[in-house]
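Asks: One file is attached below, structure32.txt, containing compact mmCIF, C-alpha atoms.
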# COMPACT_ATOMS: atom_id res chain seq x y z
CA MET A 132 -24.05 136.66 -75.46
CA ASN A 133 -27.37 134.93 -75.91
CA GLN A 134 -26.91 132.18 -73.36
CA THR A 135 -26.93 132.78 -69.65
CA THR A 136 -23.86 131.69 -67.80
CA GLU A 137 -25.74 128.89 -66.10
CA ASN A 138 -27.05 127.53 -69.39
CA TYR A 139 -23.54 127.69 -70.84
CA ALA A 140 -22.16 125.39 -68.16
CA THR A 141 -24.90 122.87 -68.90
CA ALA A 142 -24.65 123.12 -72.66
CA THR A 143 -20.91 122.59 -72.85
CA SER A 144 -20.57 119.76 -70.38
CA SER A 145 -21.12 116.14 -71.29
CA GLY A 146 -23.51 114.07 -69.20
CA LEU A 147 -20.62 112.20 -67.62
CA GLU A 148 -18.94 115.47 -66.61
CA ARG A 149 -22.13 116.81 -65.02
CA ASP A 150 -22.71 113.55 -63.12
CA ALA A 151 -19.11 113.57 -61.86
CA ARG A 152 -19.46 117.16 -60.69
CA GLN A 153 -22.66 116.33 -58.82
CA GLN A 154 -20.93 113.42 -57.07
CA SER A 155 -17.97 115.60 -56.08
CA ALA A 156 -20.09 118.58 -55.05
CA GLY A 157 -19.56 117.87 -51.37
CA ASP A 158 -15.80 117.33 -51.69
CA ALA A 159 -13.31 120.10 -51.01
CA HIS A 160 -10.69 120.62 -53.68
CA ASP A 161 -8.05 122.94 -52.33
CA PRO A 162 -5.44 124.70 -54.48
CA GLY A 163 -2.88 122.02 -53.55
CA GLN A 164 -4.94 119.30 -55.24
CA ILE A 165 -5.47 121.48 -58.28
CA ALA A 166 -1.76 122.27 -58.38
CA LEU A 167 -0.83 118.57 -58.46
CA GLY A 168 -3.11 117.95 -61.43
CA VAL A 169 -1.71 120.98 -63.24
CA ILE A 170 1.90 119.87 -62.67
CA ILE A 171 1.20 116.33 -63.89
CA GLY A 172 -0.52 117.63 -67.01
CA ARG A 173 2.21 120.14 -67.86
CA THR A 174 5.00 117.64 -67.18
CA SER A 175 3.50 115.16 -69.63
CA GLU A 176 3.18 117.83 -72.32
CA PHE A 177 6.74 119.02 -71.86
CA PHE A 178 8.09 115.47 -71.79
CA ASP A 179 6.62 114.97 -75.28
CA PHE A 180 7.98 118.35 -76.26
CA PHE A 181 11.55 117.68 -75.12
CA VAL A 182 11.69 114.13 -76.42
CA TYR A 183 11.13 115.61 -79.85
CA CYS A 184 13.58 118.47 -79.19
CA ILE A 185 16.41 116.09 -78.34
CA ALA A 186 15.66 113.81 -81.26
CA SER A 187 15.63 116.80 -83.62
CA VAL A 188 19.34 117.22 -82.83
CA LEU A 189 20.60 113.67 -82.27
CA VAL A 190 18.38 111.54 -84.52
CA PHE A 191 16.41 113.21 -87.30
CA PRO A 192 19.32 114.92 -89.12
CA GLN A 193 21.04 111.56 -89.60
CA LEU A 194 17.87 109.55 -90.11
CA LEU A 195 16.16 111.83 -92.63
CA PHE A 196 18.97 113.88 -94.20
CA PRO A 197 21.92 111.49 -94.49
CA ALA A 198 23.26 113.14 -97.65
CA GLU A 199 23.50 116.57 -96.03
CA SER A 200 26.18 117.92 -93.73
CA ALA A 201 25.49 117.72 -90.00
CA LEU A 202 24.79 121.46 -89.87
CA THR A 203 22.43 121.50 -92.85
CA GLY A 204 20.59 118.40 -91.66
CA THR A 205 20.08 119.96 -88.23
CA MET A 206 18.74 123.18 -89.76
CA TYR A 207 16.26 121.18 -91.85
CA SER A 208 15.27 119.34 -88.70
CA PHE A 209 14.74 122.64 -86.86
CA ALA A 210 12.55 123.86 -89.73
CA ILE A 211 10.28 120.83 -89.18
CA PHE A 212 10.46 121.55 -85.45
CA SER A 213 8.69 124.90 -86.03
CA LEU A 214 5.64 123.26 -87.63
CA ALA A 215 4.08 122.46 -84.24
CA PHE A 216 4.11 126.12 -83.24
CA ILE A 217 2.44 127.10 -86.50
CA ALA A 218 -0.22 124.41 -85.98
CA ARG A 219 -0.89 125.25 -82.34
CA PRO A 220 -3.20 128.27 -82.93
CA VAL A 221 -5.12 126.18 -85.48
CA GLY A 222 -5.52 123.49 -82.84
CA SER A 223 -6.87 126.00 -80.35
CA LEU A 224 -9.45 127.18 -82.88
CA VAL A 225 -10.59 123.65 -83.76
CA PHE A 226 -10.68 122.29 -80.23
CA MET A 227 -12.51 125.29 -78.79
CA THR A 228 -15.32 124.42 -81.16
CA VAL A 229 -15.22 120.87 -79.77
CA ASP A 230 -15.21 122.35 -76.25
CA ARG A 231 -18.33 124.44 -76.86
CA THR A 232 -20.14 121.54 -78.51
CA TYR A 233 -19.16 118.46 -76.52
CA GLY A 234 -17.50 119.67 -73.31
CA ARG A 235 -14.04 120.12 -71.86
CA GLY A 236 -13.59 116.44 -71.04
CA VAL A 237 -14.21 115.31 -74.64
CA LYS A 238 -11.86 117.97 -75.92
CA LEU A 239 -9.06 116.97 -73.54
CA THR A 240 -9.46 113.27 -74.26
CA ILE A 241 -9.16 113.78 -78.02
CA ALA A 242 -6.27 116.24 -77.67
CA MET A 243 -4.23 114.13 -75.26
CA PHE A 244 -4.65 110.94 -77.27
CA MET A 245 -3.73 112.86 -80.41
CA LEU A 246 -0.64 114.22 -78.66
CA GLY A 247 0.41 110.85 -77.32
CA GLY A 248 -0.51 109.04 -80.52
CA SER A 249 1.40 111.39 -82.84
CA THR A 250 4.42 111.26 -80.53
CA ALA A 251 4.32 107.46 -80.30
CA ALA A 252 3.88 107.21 -84.07
CA MET A 253 7.26 108.88 -84.49
CA ALA A 254 8.77 105.78 -82.89
CA PHE A 255 7.91 103.91 -86.09
CA LEU A 256 9.37 106.57 -88.38
CA PRO A 257 11.31 104.92 -91.25
CA SER A 258 14.63 106.25 -92.46
CA PHE A 259 15.28 108.18 -95.63
CA ASP A 260 17.38 105.30 -96.89
CA SER A 261 14.40 102.93 -96.68
CA VAL A 262 11.48 104.99 -98.04
CA GLY A 263 13.06 108.19 -99.34
CA VAL A 264 11.41 111.58 -99.01
CA PHE A 265 8.21 109.96 -97.70
CA ALA A 266 9.91 109.66 -94.32
CA ILE A 267 10.31 113.44 -94.19
CA TYR A 268 6.65 113.95 -95.09
CA LEU A 269 5.63 111.57 -92.32
CA LEU A 270 7.63 113.46 -89.71
CA CYS A 271 6.14 116.77 -90.88
CA ALA A 272 2.63 115.32 -90.55
CA PHE A 273 3.28 113.91 -87.07
CA ARG A 274 4.85 117.18 -85.94
CA PHE A 275 1.89 119.18 -87.24
CA LEU A 276 -0.48 116.86 -85.36
CA GLN A 277 1.53 117.44 -82.20
CA GLY A 278 0.97 121.16 -82.60
CA LEU A 279 -2.77 120.72 -83.12
CA ALA A 280 -2.92 118.59 -79.99
CA TRP A 281 -0.99 121.13 -77.92
CA GLY A 282 -3.54 123.73 -78.90
CA GLY A 283 -6.33 121.41 -77.80
CA ALA A 284 -4.60 120.44 -74.55
CA TRP A 285 -5.16 123.94 -73.15
CA ASP A 286 -7.51 123.07 -70.29
CA GLY A 287 -7.93 126.21 -68.21
CA LEU A 288 -6.60 124.47 -65.12
CA ALA A 289 -3.93 127.12 -64.65
CA SER A 290 -6.73 129.70 -64.54
CA LEU A 291 -8.61 127.49 -62.09
CA LEU A 292 -5.51 127.35 -59.91
CA ALA A 293 -5.00 131.12 -60.03
CA LEU A 294 -8.63 131.85 -59.23
CA ASN A 295 -8.52 129.51 -56.22
CA SER A 296 -5.29 131.01 -54.82
CA PRO A 297 -5.08 133.54 -51.98
CA ASP A 298 -4.74 137.18 -53.04
CA ASN A 299 -1.33 137.53 -51.39
CA ARG A 300 0.10 134.42 -53.11
CA LYS A 301 -0.79 134.99 -56.75
CA GLY A 302 2.87 134.84 -57.80
CA TRP A 303 3.39 131.57 -55.94
CA TYR A 304 0.47 129.82 -57.61
CA ALA A 305 1.27 131.36 -60.99
CA MET A 306 4.66 129.62 -61.03
CA ILE A 307 3.28 126.14 -60.29
CA PRO A 308 2.22 125.26 -63.87
CA GLN A 309 5.67 126.35 -65.07
CA LEU A 310 7.34 123.59 -63.05
CA GLY A 311 6.16 121.14 -65.71
CA ALA A 312 8.89 122.40 -68.07
CA PRO A 313 11.99 121.53 -65.98
CA LEU A 314 10.37 118.31 -64.74
CA GLY A 315 9.56 117.23 -68.29
CA PHE A 316 13.07 118.10 -69.42
CA MET A 317 14.66 116.17 -66.53
CA LEU A 318 12.75 113.04 -67.55
CA ALA A 319 13.46 113.40 -71.27
CA SER A 320 17.15 114.31 -70.93
CA SER A 321 17.79 111.55 -68.37
CA LEU A 322 16.14 108.94 -70.56
CA PHE A 323 18.08 109.97 -73.67
CA ALA A 324 21.34 110.24 -71.70
CA TYR A 325 20.87 106.68 -70.45
CA LEU A 326 20.18 105.38 -73.97
CA ILE A 327 23.16 107.22 -75.48
CA LEU A 328 25.61 106.19 -72.76
CA THR A 329 24.59 102.51 -72.68
CA LEU A 330 24.02 101.75 -76.38
CA HIS A 331 26.40 101.64 -79.30
CA PRO A 332 25.85 104.69 -81.56
CA ASP A 333 24.58 102.46 -84.38
CA ASP A 334 22.11 100.74 -82.05
CA PHE A 335 20.93 104.07 -80.67
CA LEU A 336 20.24 105.40 -84.16
CA ALA A 337 18.64 102.15 -85.29
CA PHE A 338 16.22 101.53 -82.41
CA GLY A 339 17.31 103.02 -79.08
CA TRP A 340 15.84 106.50 -79.56
CA ARG A 341 12.44 105.05 -80.40
CA TYR A 342 11.87 103.88 -76.83
CA ALA A 343 11.53 107.47 -75.57
CA PHE A 344 8.62 108.09 -77.93
CA PHE A 345 6.80 104.98 -76.67
CA VAL A 346 7.17 106.20 -73.09
CA ALA A 347 5.53 109.51 -74.03
CA PHE A 348 2.22 107.81 -74.83
CA ALA A 349 2.07 106.05 -71.44
CA ILE A 350 2.79 109.30 -69.59
CA ASN A 351 0.05 111.05 -71.56
CA VAL A 352 -2.55 108.50 -70.47
CA VAL A 353 -1.68 109.05 -66.79
CA ALA A 354 -1.80 112.82 -67.26
CA LEU A 355 -5.14 112.63 -69.04
CA PHE A 356 -6.85 110.93 -66.10
CA ALA A 357 -5.30 113.39 -63.63
CA ARG A 358 -6.67 116.32 -65.61
CA LEU A 359 -10.08 114.79 -66.25
CA ARG A 360 -10.44 114.29 -62.51
CA LEU A 361 -10.07 118.04 -62.00
CA VAL A 362 -12.37 118.91 -64.89
CA ALA A 363 -15.04 116.91 -63.07
CA THR A 364 -14.75 118.93 -59.84
CA SER A 365 -17.55 121.16 -58.64
CA GLU A 366 -15.16 124.15 -58.68
CA PHE A 367 -14.59 123.67 -62.39
CA GLY A 368 -18.32 123.53 -63.02
CA HIS A 369 -18.85 126.66 -60.94
CA LEU A 370 -16.23 128.56 -62.91
CA LEU A 371 -17.89 127.47 -66.14
CA GLU A 372 -21.14 128.92 -64.82
CA GLN A 373 -19.37 132.17 -63.98
CA ASN A 374 -17.84 132.29 -67.49
CA GLU A 375 -14.31 132.25 -66.02
CA LEU A 376 -13.46 129.24 -68.22
CA HIS A 377 -15.83 129.93 -71.07
CA ALA A 378 -14.48 128.96 -74.51
CA ALA A 379 -15.54 132.16 -76.27
CA ARG A 380 -15.31 132.54 -80.02
CA VAL A 381 -11.89 133.58 -81.28
CA MET A 382 -13.05 136.53 -83.38
CA ASP A 383 -15.12 137.93 -80.50
CA THR A 384 -12.13 137.58 -78.19
CA LEU A 385 -9.79 139.39 -80.57
CA LYS A 386 -12.37 142.11 -81.16
CA HIS A 387 -12.64 142.93 -77.46
CA ASN A 388 -9.14 141.97 -76.26
CA GLY A 389 -6.85 142.05 -79.30
CA ARG A 390 -4.39 144.49 -77.73
CA THR A 391 -4.12 142.41 -74.56
CA VAL A 392 -3.47 139.25 -76.60
CA LEU A 393 -0.67 140.93 -78.53
CA LEU A 394 0.99 142.49 -75.49
CA GLY A 395 0.63 139.27 -73.51
CA ALA A 396 2.36 137.37 -76.32
CA LEU A 397 5.29 139.80 -76.43
CA VAL A 398 5.90 140.04 -72.66
CA PRO A 399 7.53 136.57 -72.37
CA MET A 400 9.53 136.98 -75.60
CA VAL A 401 12.93 136.76 -73.90
CA SER A 402 11.81 133.94 -71.57
CA TYR A 403 10.69 131.69 -74.40
CA ALA A 404 13.72 132.50 -76.54
CA LEU A 405 16.07 131.63 -73.67
CA PHE A 406 13.96 128.52 -73.04
CA HIS A 407 15.04 127.05 -76.38
CA LEU A 408 18.54 128.45 -76.37
CA VAL A 409 19.56 126.58 -73.19
CA THR A 410 17.82 123.35 -74.22
CA VAL A 411 17.62 122.39 -77.89
CA PHE A 412 20.02 124.97 -79.33
CA ALA A 413 22.65 124.38 -76.63
CA LEU A 414 22.57 120.66 -77.39
CA SER A 415 23.04 121.30 -81.11
CA TRP A 416 25.85 123.78 -80.42
CA VAL A 417 27.82 121.31 -78.30
CA TYR A 418 27.10 118.45 -80.68
CA LEU A 419 28.09 120.35 -83.85
CA TYR A 420 30.76 122.80 -82.71
CA ALA A 421 32.19 121.81 -79.34
CA GLU A 422 32.34 118.10 -80.24
CA GLY A 423 31.21 117.18 -76.76
CA ASN A 424 29.63 113.92 -75.65
CA ALA A 425 25.88 114.29 -76.12
CA GLY A 426 25.02 111.93 -73.27
CA GLN A 427 27.23 113.74 -70.77
CA PHE A 428 25.95 117.13 -71.89
CA LEU A 429 22.34 115.96 -71.46
CA LEU A 430 23.19 115.10 -67.86
CA THR A 431 24.62 118.60 -67.41
CA GLN A 432 21.42 120.04 -68.84
CA GLY A 433 19.47 117.85 -66.42
CA VAL A 434 21.32 119.52 -63.55
CA GLY A 435 20.47 122.83 -65.16
CA ALA A 436 16.81 121.85 -65.17
CA VAL A 437 17.04 121.31 -61.40
CA LEU A 438 18.42 124.85 -61.05
CA CYS A 439 15.60 126.06 -63.29
CA ALA A 440 13.01 124.42 -61.03
CA PHE A 441 14.49 126.14 -57.98
CA GLY A 442 14.49 129.42 -59.90
CA ILE A 443 10.82 128.97 -60.77
CA ILE A 444 9.99 128.33 -57.11
CA ALA A 445 12.00 131.39 -56.08
CA SER A 446 10.12 133.48 -58.65
CA GLY A 447 6.90 132.76 -56.78
CA PHE A 448 8.29 134.22 -53.54
CA ILE A 449 9.89 137.20 -55.27
CA ALA A 450 6.83 138.03 -57.39
CA ASP A 451 4.62 138.15 -54.31
CA GLN A 452 6.99 140.68 -52.77
CA LEU A 453 8.00 142.80 -55.78
CA GLY A 454 5.22 142.14 -58.31
CA ARG A 455 5.34 140.08 -61.47
CA ARG A 456 6.02 142.98 -63.83
CA ARG A 457 9.01 144.16 -61.84
CA LEU A 458 10.45 140.64 -61.58
CA LEU A 459 10.10 140.11 -65.34
CA GLY A 460 11.79 143.45 -65.96
CA TYR A 461 14.73 142.63 -63.68
CA SER A 462 15.06 139.17 -65.27
CA ALA A 463 15.07 140.65 -68.78
CA GLY A 464 17.79 143.08 -67.66
CA ILE A 465 19.91 140.20 -66.33
CA ILE A 466 19.46 138.28 -69.59
CA LEU A 467 20.36 141.38 -71.59
CA ALA A 468 23.61 141.76 -69.65
CA GLY A 469 24.34 138.04 -69.99
CA ALA A 470 23.76 138.13 -73.74
CA ILE A 471 26.45 140.80 -74.03
CA LEU A 472 29.00 139.31 -71.63
CA THR A 473 28.69 135.57 -72.28
CA PRO A 474 30.24 135.50 -75.79
CA LEU A 475 33.18 137.59 -74.54
CA LEU A 476 33.78 135.42 -71.49
CA TYR A 477 33.57 132.26 -73.59
CA THR A 478 35.96 133.64 -76.21
CA TYR A 479 38.63 134.22 -73.55
CA ASN A 480 38.04 130.79 -71.96
CA ILE A 481 36.79 132.30 -68.70
CA ILE A 482 33.67 130.14 -68.85
CA ASN A 483 32.83 126.91 -70.68
CA GLU A 484 29.74 125.36 -72.26
CA GLY A 485 28.54 123.77 -69.04
CA MET A 486 28.77 127.00 -67.08
CA ILE A 487 26.85 128.89 -69.76
CA VAL A 488 24.05 126.34 -69.77
CA LEU A 489 23.79 126.10 -65.97
CA GLY A 490 23.71 129.87 -65.62
CA GLY A 491 21.15 130.13 -68.40
CA PHE A 492 18.87 127.60 -66.76
CA ALA A 493 19.07 129.41 -63.40
CA VAL A 494 18.08 132.76 -64.92
CA LEU A 495 15.43 131.03 -67.04
CA GLY A 496 13.72 129.83 -63.88
CA LEU A 497 13.26 133.36 -62.56
CA CYS A 498 11.73 134.78 -65.75
CA PHE A 499 9.91 131.68 -67.00
CA GLY A 500 8.27 131.16 -63.61
CA GLN A 501 6.13 134.27 -64.07
CA ALA A 502 6.07 134.55 -67.87
CA ALA A 503 2.79 132.77 -68.57
CA GLY A 504 -0.48 134.60 -68.10
CA THR A 505 1.07 137.86 -66.97
CA LEU A 506 -1.79 139.84 -68.48
CA ALA A 507 -4.57 137.30 -67.86
CA SER A 508 -6.24 139.58 -65.32
CA ASN A 509 -6.69 142.20 -68.04
CA PHE A 510 -9.06 140.01 -70.04
CA LYS A 511 -12.75 140.49 -69.58
CA ARG A 512 -14.12 137.59 -67.60
CA GLU A 513 -16.05 135.98 -70.44
CA TYR A 514 -12.97 136.08 -72.70
CA ARG A 515 -10.33 135.03 -70.17
CA TYR A 516 -10.10 131.37 -71.16
CA THR A 517 -9.90 131.92 -74.93
CA GLY A 518 -7.73 135.03 -74.54
CA SER A 519 -5.21 133.21 -72.38
CA ALA A 520 -5.05 130.30 -74.84
CA LEU A 521 -4.50 132.62 -77.82
CA THR A 522 -1.88 134.59 -75.92
CA SER A 523 0.02 131.42 -75.07
CA ASP A 524 -0.13 130.16 -78.67
CA LEU A 525 1.13 133.45 -80.09
CA ALA A 526 3.84 133.81 -77.43
CA TRP A 527 5.28 130.37 -78.19
CA LEU A 528 5.10 130.99 -81.94
CA LEU A 529 6.85 134.38 -81.80
CA GLY A 530 9.26 133.70 -78.97
CA ALA A 531 10.19 130.07 -79.37
CA GLY A 532 8.91 128.52 -82.58
CA PHE A 533 11.83 129.53 -84.77
CA ALA A 534 14.39 130.23 -82.02
CA PRO A 535 16.56 127.10 -82.54
CA LEU A 536 16.67 127.61 -86.32
CA ILE A 537 17.49 131.33 -86.07
CA ALA A 538 20.06 130.82 -83.32
CA LEU A 539 21.84 128.03 -85.21
CA TYR A 540 21.94 130.11 -88.39
CA LEU A 541 23.35 133.13 -86.54
CA CYS A 542 25.86 130.93 -84.74
CA ASP A 543 27.09 129.54 -88.06
CA LYS A 544 27.40 133.00 -89.61
CA PHE A 545 28.58 135.13 -86.67
CA GLY A 546 29.45 132.76 -83.84
CA LEU A 547 28.13 133.15 -80.30
CA PRO A 548 27.94 136.97 -80.57
CA GLY A 549 25.20 136.47 -83.16
CA VAL A 550 23.25 134.29 -80.73
CA GLY A 551 23.81 136.89 -78.02
CA ALA A 552 22.42 139.62 -80.28
CA TYR A 553 19.33 137.51 -80.95
CA LEU A 554 18.74 137.04 -77.22
CA MET A 555 19.34 140.76 -76.64
CA SER A 556 16.57 141.59 -79.11
CA GLY A 557 14.16 139.43 -77.12
CA ALA A 558 15.13 141.16 -73.88
CA VAL A 559 14.60 144.57 -75.44
CA VAL A 560 11.13 143.59 -76.68
CA THR A 561 10.15 142.34 -73.23
CA LEU A 562 11.38 145.52 -71.52
CA LEU A 563 9.65 147.78 -74.03
CA VAL A 564 6.33 145.94 -73.74
CA LEU A 565 6.47 146.02 -69.94
CA GLN A 566 7.10 149.76 -70.03
CA PHE A 567 4.38 150.33 -72.62
CA ASN A 568 1.91 148.29 -70.58
CA LYS A 569 2.78 150.26 -67.45
CA GLN A 570 2.13 153.58 -69.16
CA PHE A 571 -1.35 152.45 -70.14
CA GLY A 572 -2.13 151.31 -66.62
CA ALA A 573 -2.57 147.60 -67.30
CA LYS A 574 -2.36 145.25 -64.35
CA THR A 575 0.66 143.00 -64.66
CA THR A 576 1.21 142.33 -60.98
CA ASP A 577 -1.82 140.04 -60.46
Give the structure from the file, written as structure tokens.

Replies:
Amino acid sequence: MNQTTENYATATSSGLERDARQQSAGDAHDPGQIALGVIIGRTSEFFDFFVYCIASVLVFPQLLFPAESALTGTMYSFAIFSLAFIARPVGSLVFMTVDRTYGRGVKLTIAMFMLGGSTAAMAFLPSFDSVGVFAIYLLCAFRFLQGLAWGGAWDGLASLLALNSPDNRKGWYAMIPQLGAPLGFMLASSLFAYLILTLHPDDFLAFGWRYAFFVAFAINVVALFARLRLVATSEFGHLLEQNELHAARVMDTLKHNGRTVLLGALVPMVSYALFHLVTVFALSWVYLYAEGNAGQFLLTQGVGAVLCAFGIIASGFIADQLGRRRLLGYSAGIILAGAILTPLLYTYNIINEGMIVLGGFAVLGLCFGQAAGTLASNFKREYRYTGSALTSDLAWLLGAGFAPLIALYLCDKFGLPGVGAYLMSGAVVTLLVLQFNKQFGAKTTD
């Protein structure tokens, strides 16, 4: 590296950011304040994420593929769904260049407005009947932009939170950013449930669903200011100077930490697969096969999200006692057993759809709470920020990007046992990677 760490902090911060840090230099920013900003930021991202997820089941198949069967239309919709995960690593690459050139605040502002703007633009999406295949192209473009923005929205605040946490509470503070997922889902599912249960189906399909996409933009603006406030703290500037949050070049990061990126992406495989199976796939399963009421089932999933939040909180306590690696291993074992037993229990009417989803959300909380950044401590300091971002992008792409599409295809061909086998494969990958990482002495308990 040619620049000193001190020069790097100056070179990659805008004048406004440096002035803000100087003004806040005398203020104390404890981990609790950082945690609040992280939760707000993650909740806004996941609200956008789940608004699209729900619409990809209840809206887009009918709006864009009216000539296809409900199953085929949903599979096409899930194929478009995966575009964001393909675009996300590209977004990380592009926005890290912006970060190094113009500063973290500029990067976040562009990324968050792109995320909110592309989500809000979907509210104006025309139907296939009105403009033909152009409507499908528009949705693909908006979805790809969402993925680019998600890559750029990586802010390093989770690293800031972890680095400011006490040594004996690493698991507790590691779970805090993960709370954004159930909170975002609660908001999105509640909003869609209200619209479905209060509007006529024709009105919902014509205009009701569009309201949720408008709301996403407003939430993004609030989240942007909360995150910019933390980027302007003196702690953030200090960590830039220490290269803890340095946006290193991607190729340099992969050269020095490629193995850690790959292992870190595979560790949460089962967590991210289950993440989509209990949310977007479960909704499509009930809607297509169980012929349940979508609004009522969204409320059930909302209750499941509450259980997930409690599970995430519990994971913080348990990880600090047992270690993160051991907790992830136990969780993967539970999911493996559930993937085998659930199809059998459902076949014999011992459990129903609601029980499966509630149980899935509860287990998801335990594993998802510690899934992100498990190997972050293994990155060299100057590559930690970029390495963590790349690991997250790859983990979501491999573990979640195509999960709804694969699960729905397997469900159509083989029924729930096929979905169970898919989830089992994710659990096996997680267990194998944890064991492999242990043998090579990597630190997964930090």

Asks: Would you kindly return, as a ChimeraX atom specification, each protein, DNA or RNA residue with an atom no farther than 7 Å from any atom of stretch 346-355 of chain A, considering only C-alpha atoms and excluding same-chain residues fewer than 6 positions away?

Replies: /A:171-172,175,178-179,240,243,247-248,250-251

Asks: Distance table requested - stretch 295-410 of chain A against stretch 488-495 of chain A, cut-off 8 Å, all atoms listed in the file: one row per qualifying residue with the closest atom pair and its distance in Å to one decimal, ordered by chain and rising residue number, as JSON lines.

Replies:
{"residue": "A:Ser402", "atom": "CA", "partner": "A:Leu495", "partner_atom": "CA", "distance": 6.5}
{"residue": "A:Leu405", "atom": "CA", "partner": "A:Leu495", "partner_atom": "CA", "distance": 6.7}
{"residue": "A:Phe406", "atom": "CA", "partner": "A:Leu495", "partner_atom": "CA", "distance": 6.7}
{"residue": "A:Val409", "atom": "CA", "partner": "A:Val488", "partner_atom": "CA", "distance": 5.6}

Asks: Quick one: distance from atom CA of A:Thr410 to atom CA of A:Leu562 in Å, one decimal?

Replies: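 Taking atom CA of A:Thr410 as the start and atom CA of A:Leu562 as the end point, the length is 23.2 Å.
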
Asks: Given all atoms listed in the file as the basis, pick out the residue of A:Thr174, A:Gln193, A:Ser415, A:Thr384 nearest to A:Ala319.

Replies: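 Using all atoms listed in the file, the shortest distance to A:Ala319 belongs to A:Thr174.
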
Asks: In Å, with one decimal, what is the gap from atom CA of A:Gly532 to atom CA of A:Leu326?

Replies: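 Result for atom CA of A:Gly532 versus atom CA of A:Leu326: 27.1 Å, one decimal.
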
Asks: How far is it from atom CA of A:Ala284 to atom CA of A:Ala242, in Å with one decimal?

Replies: 5.5 Å

Asks: Using only C-alpha atoms, which residue out of A:Asn483, A:Ser223, A:Gln452, A:Ser321 lies closest to A:Asp524?

Replies: A:Ser223

Asks: Which residue is closest to A:Val225? Choose from A:Arg300, A:Arg457, A:Arg380, A:Lys544 and count only C-alpha atoms.

Replies: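 The closest residue to A:Val225 is A:Arg380.
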
Asks: Looking at only C-alpha atoms, which of A:Val190, A:Val262, A:Ala520, A:Ala201 is the one that sits closest to A:Glu422?

Replies: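 Residue with the minimum atom-to-atom distance to A:Glu422: A:Ala201.
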
Asks: Identify, on the basis of all atoms listed in the file, every residue whose closest approach to A:Thr205 does not exceed 12 Å; exclude the query and any residue fewer than 5 positions from it along the same chain; express the result as a PyMOL selection string.

Replies: chain A and resi 184-197+199-200+210-212+411-412+414-416+418-419+535-540+543

Asks: Fix up stretch 295-306 of chain A with N, CA and C atoms, then write it as a PDB file, in the coordinates of the input.

Replies:
ATOM      1  N   ASN A 295      -8.329 130.124 -57.522  1.00  0.00           N
ATOM      2  CA  ASN A 295      -8.520 129.510 -56.220  1.00  0.00           C
ATOM      3  C   ASN A 295      -7.386 129.849 -55.258  1.00  0.00           C
ATOM      4  N   SER A 296      -6.439 130.690 -55.664  1.00  0.00           N
ATOM      5  CA  SER A 296      -5.290 131.010 -54.820  1.00  0.00           C
ATOM      6  C   SER A 296      -5.561 132.244 -53.974  1.00  0.00           C
ATOM      7  N   PRO A 297      -4.919 132.347 -52.813  1.00  0.00           N
ATOM      8  CA  PRO A 297      -5.080 133.540 -51.980  1.00  0.00           C
ATOM      9  C   PRO A 297      -4.557 134.784 -52.686  1.00  0.00           C
ATOM     10  N   ASP A 298      -5.115 135.928 -52.360  1.00  0.00           N
ATOM     11  CA  ASP A 298      -4.740 137.180 -53.040  1.00  0.00           C
ATOM     12  C   ASP A 298      -3.263 137.524 -52.830  1.00  0.00           C
ATOM     13  N   ASN A 299      -2.723 137.163 -51.679  1.00  0.00           N
ATOM     14  CA  ASN A 299      -1.330 137.530 -51.390  1.00  0.00           C
ATOM     15  C   ASN A 299      -0.320 136.487 -51.867  1.00  0.00           C
ATOM     16  N   ARG A 300      -0.812 135.470 -52.618  1.00  0.00           N
ATOM     17  CA  ARG A 300       0.100 134.420 -53.110  1.00  0.00           C
ATOM     18  C   ARG A 300      -0.133 134.139 -54.594  1.00  0.00           C
ATOM     19  N   LYS A 301      -0.536 135.159 -55.322  1.00  0.00           N
ATOM     20  CA  LYS A 301      -0.790 134.990 -56.750  1.00  0.00           C
ATOM     21  C   LYS A 301       0.488 134.572 -57.496  1.00  0.00           C
ATOM     22  N   GLY A 302       1.618 135.192 -57.145  1.00  0.00           N
ATOM     23  CA  GLY A 302       2.870 134.840 -57.800  1.00  0.00           C
ATOM     24  C   GLY A 302       3.270 133.399 -57.528  1.00  0.00           C
ATOM     25  N   TRP A 303       3.049 132.944 -56.304  1.00  0.00           N
ATOM     26  CA  TRP A 303       3.390 131.570 -55.940  1.00  0.00           C
ATOM     27  C   TRP A 303       2.592 130.564 -56.760  1.00  0.00           C
ATOM     28  N   TYR A 304       1.289 130.763 -56.860  1.00  0.00           N
ATOM     29  CA  TYR A 304       0.470 129.820 -57.610  1.00  0.00           C
ATOM     30  C   TYR A 304       0.625 129.986 -59.113  1.00  0.00           C
ATOM     31  N   ALA A 305       1.028 131.172 -59.566  1.00  0.00           N
ATOM     32  CA  ALA A 305       1.270 131.360 -60.990  1.00  0.00           C
ATOM     33  C   ALA A 305       2.470 130.565 -61.478  1.00  0.00           C
ATOM     34  N   MET A 306       3.450 130.335 -60.595  1.00  0.00           N
ATOM     35  CA  MET A 306       4.660 129.620 -61.030  1.00  0.00           C
ATOM     36  C   MET A 306       4.464 128.108 -61.088  1.00  0.00           C
TER      37      MET A 306
END
